[in-house]
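Comments concern the structure below.
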Amino acid sequence: MSVLRSRPVLRWLVPATAAVAVIGGGAAIGTFAAEAEPSLPPRTAAQLLVDLQTSRLEGVSGTVVQRADLGLPSLVGLIPGNDLTSMLTGTHTLRVWYSGPERQRVALLDTLGEQDVIRNGRDLWTWESRTNTARHRTLGDAETGRAASEARPSLPATPQQAADLALAAIDPSTQVSVGRSATVAGQDAYELVLQPRDEGSLVHQLRIAIDAKQHVPLRFEVLAKGSDQPAFEMAFTQIDYRRPEADQFTFNPPPGVTVTEEKAERPAGGRPGHVEPAGDPQVRAVGTGWTTVLVARLDEAVGGKPAVGGKPAVGGKPAVGGKPAVPPAGAAPDMDLSKLLGGLAAVKGDWGSGRLLTSKLFSVLLTDDGRVLAGAVTPERLYQAARG
């Protein structure tokens, strides 16, 4: 278990991508300025891990900037309006406020407006300034124990959540060390470095800058093999450890806003207190640690109908090889699945054949027999998993 998972204040020090995934992506201005290394008393990696575990904060606010340069092919542009791909490219700026587990707010800023997610007790609001629309939900008993950032599945987009995931990977496959000291958002910080020992991983290093006094992550960087520049990074550019004022978490609908009321989530099966088992039974993991490969059936993701290899896709039409395809239900209206898959490199081996997507930090293999395999690994590791 990650040392952060048992520390709610660290897991939700600032809202993360769940909120971002809800409110979308947009280019923003932000830079991580280099500053002179501060002189700090020496600390070991073990001491820094203890610092993270014992940190306690009542509140925080600040600005977080995220940048990604994953080397994704241009075909991601074939999925217009897709929040996932938008957050995997470019620069994004968020304002965040945290005042305990029941009061959190994140505002995603772009050149055209602002988009917010606000949690205040049982009230959960989302608002978009460009359309002047809002959604409101009164959280049920099963949801009140969760932060707003956990309300929907997401990718990590703050130093805290990314560090949580990274520290969960610490095992014999990880080399842990102390890097250079740094100054981040005006705060002196130590640097914890995690490095995979397995050559099959595409990750070279994870670097976590930890506030020397408050012991919370201020910056998170992921370096791909063969590069000395982060492929993915996020950092506070400004931070205030005082508890935000209560009015920061009160949503006052602007004039003319259209409000949609949503129902609270009900426990599975209608049984109070029932908790759904963690994990997706349709997805299995091959391997462990940094070189874990996730395997799923692509046909299950599109209503039980094969989607690759010239076999019928949704609506009975082929989806690969440049032939027409019908997007799965719920896909973006302008999404051209045939172009998306046809733009991937064709690969084959003793495991079969399919299409391969590669980037600096992850690889995805879609096989012609309807499987999808993904991981922060080399294509060779995907092929090994595909043989199983």
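In the structure tokens, chains take the letters A, B, ... in the order shown, each chain's residues start at 1, and ligands count up from 1 in the order shown.
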Identify, on the basis of only C-alpha atoms, every residue whose closest approach to range 377-387 of chain A does not exceed 7 Å; exclude the query and any residue fewer than 2 positions from it along the same chain; express the result as an NGL selection string.
:A and (200-202 or 286 or 291 or 293 or 351 or 362-363 or 365 or 373 or 375)
Select, from A:Gln248, A:Thr91, A:Gln175, A:Gln187, the residue with the minimum atom-to-atom distance to Gln214 in chain A, counting only C-alpha atoms.
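Of A:Gln248, A:Thr91, A:Gln175, A:Gln187, the one nearest Gln214 in chain A, counting only C-alpha atoms, is A:Gln187.
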Please tabulate, as a Markdown table, the residues of range 228-255 of chain A that come within 9 Å of range 97-100 of chain A, each with its closest pair of atoms and the distance in Å to one decimal, counting only C-alpha atoms and ordering rows by chain, then residue number upward.
| residue | atom | partner | partner_atom | distance |
| --- | --- | --- | --- | --- |
| A:Arg243 | CA | A:Ser99 | CA | 5.8 |
| A:Pro244 | CA | A:Ser99 | CA | 6.3 |
| A:Glu245 | CA | A:Ser99 | CA | 8.4 |
| A:Ala246 | CA | A:Ser99 | CA | 8.3 |
| A:Gln248 | CA | A:Trp97 | CA | 7.7 |
| A:Phe249 | CA | A:Trp97 | CA | 8.4 |
May I have the residues within 12 Å of Gln47 in chain A as a PDB file with N, CA and C atoms, in the first residue's frame, using only C-alpha atoms and disregarding those fewer than 5 positions away in the same chain?
ATOM      1  N   PRO A  41      19.696  20.375   5.086  1.00  0.00           N
ATOM      2  CA  PRO A  41      20.335  19.283   5.832  1.00  0.00           C
ATOM      3  C   PRO A  41      20.109  17.966   5.102  1.00  0.00           C
ATOM      4  N   PRO A  42      21.078  17.068   5.095  1.00  0.00           N
ATOM      5  CA  PRO A  42      20.902  15.798   4.375  1.00  0.00           C
ATOM      6  C   PRO A  42      19.782  14.954   4.973  1.00  0.00           C
ATOM      7  N   LEU A  52       6.549  12.056   4.122  1.00  0.00           N
ATOM      8  CA  LEU A  52       5.298  12.029   3.364  1.00  0.00           C
ATOM      9  C   LEU A  52       4.173  11.395   4.168  1.00  0.00           C
ATOM     10  N   GLN A  53       4.499  10.332   4.872  1.00  0.00           N
ATOM     11  CA  GLN A  53       3.481   9.589   5.614  1.00  0.00           C
ATOM     12  C   GLN A  53       2.955  10.371   6.804  1.00  0.00           C
ATOM     13  N   THR A  54       3.775  11.170   7.419  1.00  0.00           N
ATOM     14  CA  THR A  54       3.388  11.849   8.661  1.00  0.00           C
ATOM     15  C   THR A  54       2.937  13.289   8.442  1.00  0.00           C
ATOM     16  N   VAL A 176      15.351   3.442  -5.200  1.00  0.00           N
ATOM     17  CA  VAL A 176      14.928   4.692  -4.578  1.00  0.00           C
ATOM     18  C   VAL A 176      16.154   5.442  -4.094  1.00  0.00           C
ATOM     19  N   SER A 177      16.235   6.727  -4.429  1.00  0.00           N
ATOM     20  CA  SER A 177      17.394   7.534  -4.020  1.00  0.00           C
ATOM     21  C   SER A 177      16.951   8.970  -3.809  1.00  0.00           C
ATOM     22  N   VAL A 178      17.897   9.785  -3.342  1.00  0.00           N
ATOM     23  CA  VAL A 178      17.643  11.205  -3.128  1.00  0.00           C
ATOM     24  C   VAL A 178      18.359  11.994  -4.218  1.00  0.00           C
ATOM     25  N   TYR A 190      13.257  18.833  -1.050  1.00  0.00           N
ATOM     26  CA  TYR A 190      14.104  17.680  -1.346  1.00  0.00           C
ATOM     27  C   TYR A 190      13.546  16.985  -2.592  1.00  0.00           C
ATOM     28  N   GLU A 191      14.372  16.157  -3.202  1.00  0.00           N
ATOM     29  CA  GLU A 191      13.906  15.413  -4.365  1.00  0.00           C
ATOM     30  C   GLU A 191      14.076  13.922  -4.132  1.00  0.00           C
ATOM     31  N   LEU A 192      12.956  13.193  -4.251  1.00  0.00           N
ATOM     32  CA  LEU A 192      12.966  11.740  -4.152  1.00  0.00           C
ATOM     33  C   LEU A 192      12.933  11.182  -5.572  1.00  0.00           C
ATOM     34  N   ILE A 210       9.709  17.394  -2.675  1.00  0.00           N
ATOM     35  CA  ILE A 210       8.942  17.366  -1.431  1.00  0.00           C
ATOM     36  C   ILE A 210       9.294  18.585  -0.584  1.00  0.00           C
ATOM     37  N   ALA A 212      10.410  20.883   2.110  1.00  0.00           N
ATOM     38  CA  ALA A 212      11.306  20.553   3.220  1.00  0.00           C
ATOM     39  C   ALA A 212      10.658  20.771   4.579  1.00  0.00           C
ATOM     40  N   HIS A 215       6.434  18.875   4.004  1.00  0.00           N
ATOM     41  CA  HIS A 215       6.549  17.454   3.630  1.00  0.00           C
ATOM     42  C   HIS A 215       5.451  16.996   2.662  1.00  0.00           C
TER      43      HIS A 215
END
Give me the residues within 9 Å of His204 in chain A as JSON, numbers by chain, counting only C-alpha atoms and dropping any in the same chain fewer than 3 places off.
{"A": [194, 195, 196, 201, 222, 223, 224, 225, 226, 227]}
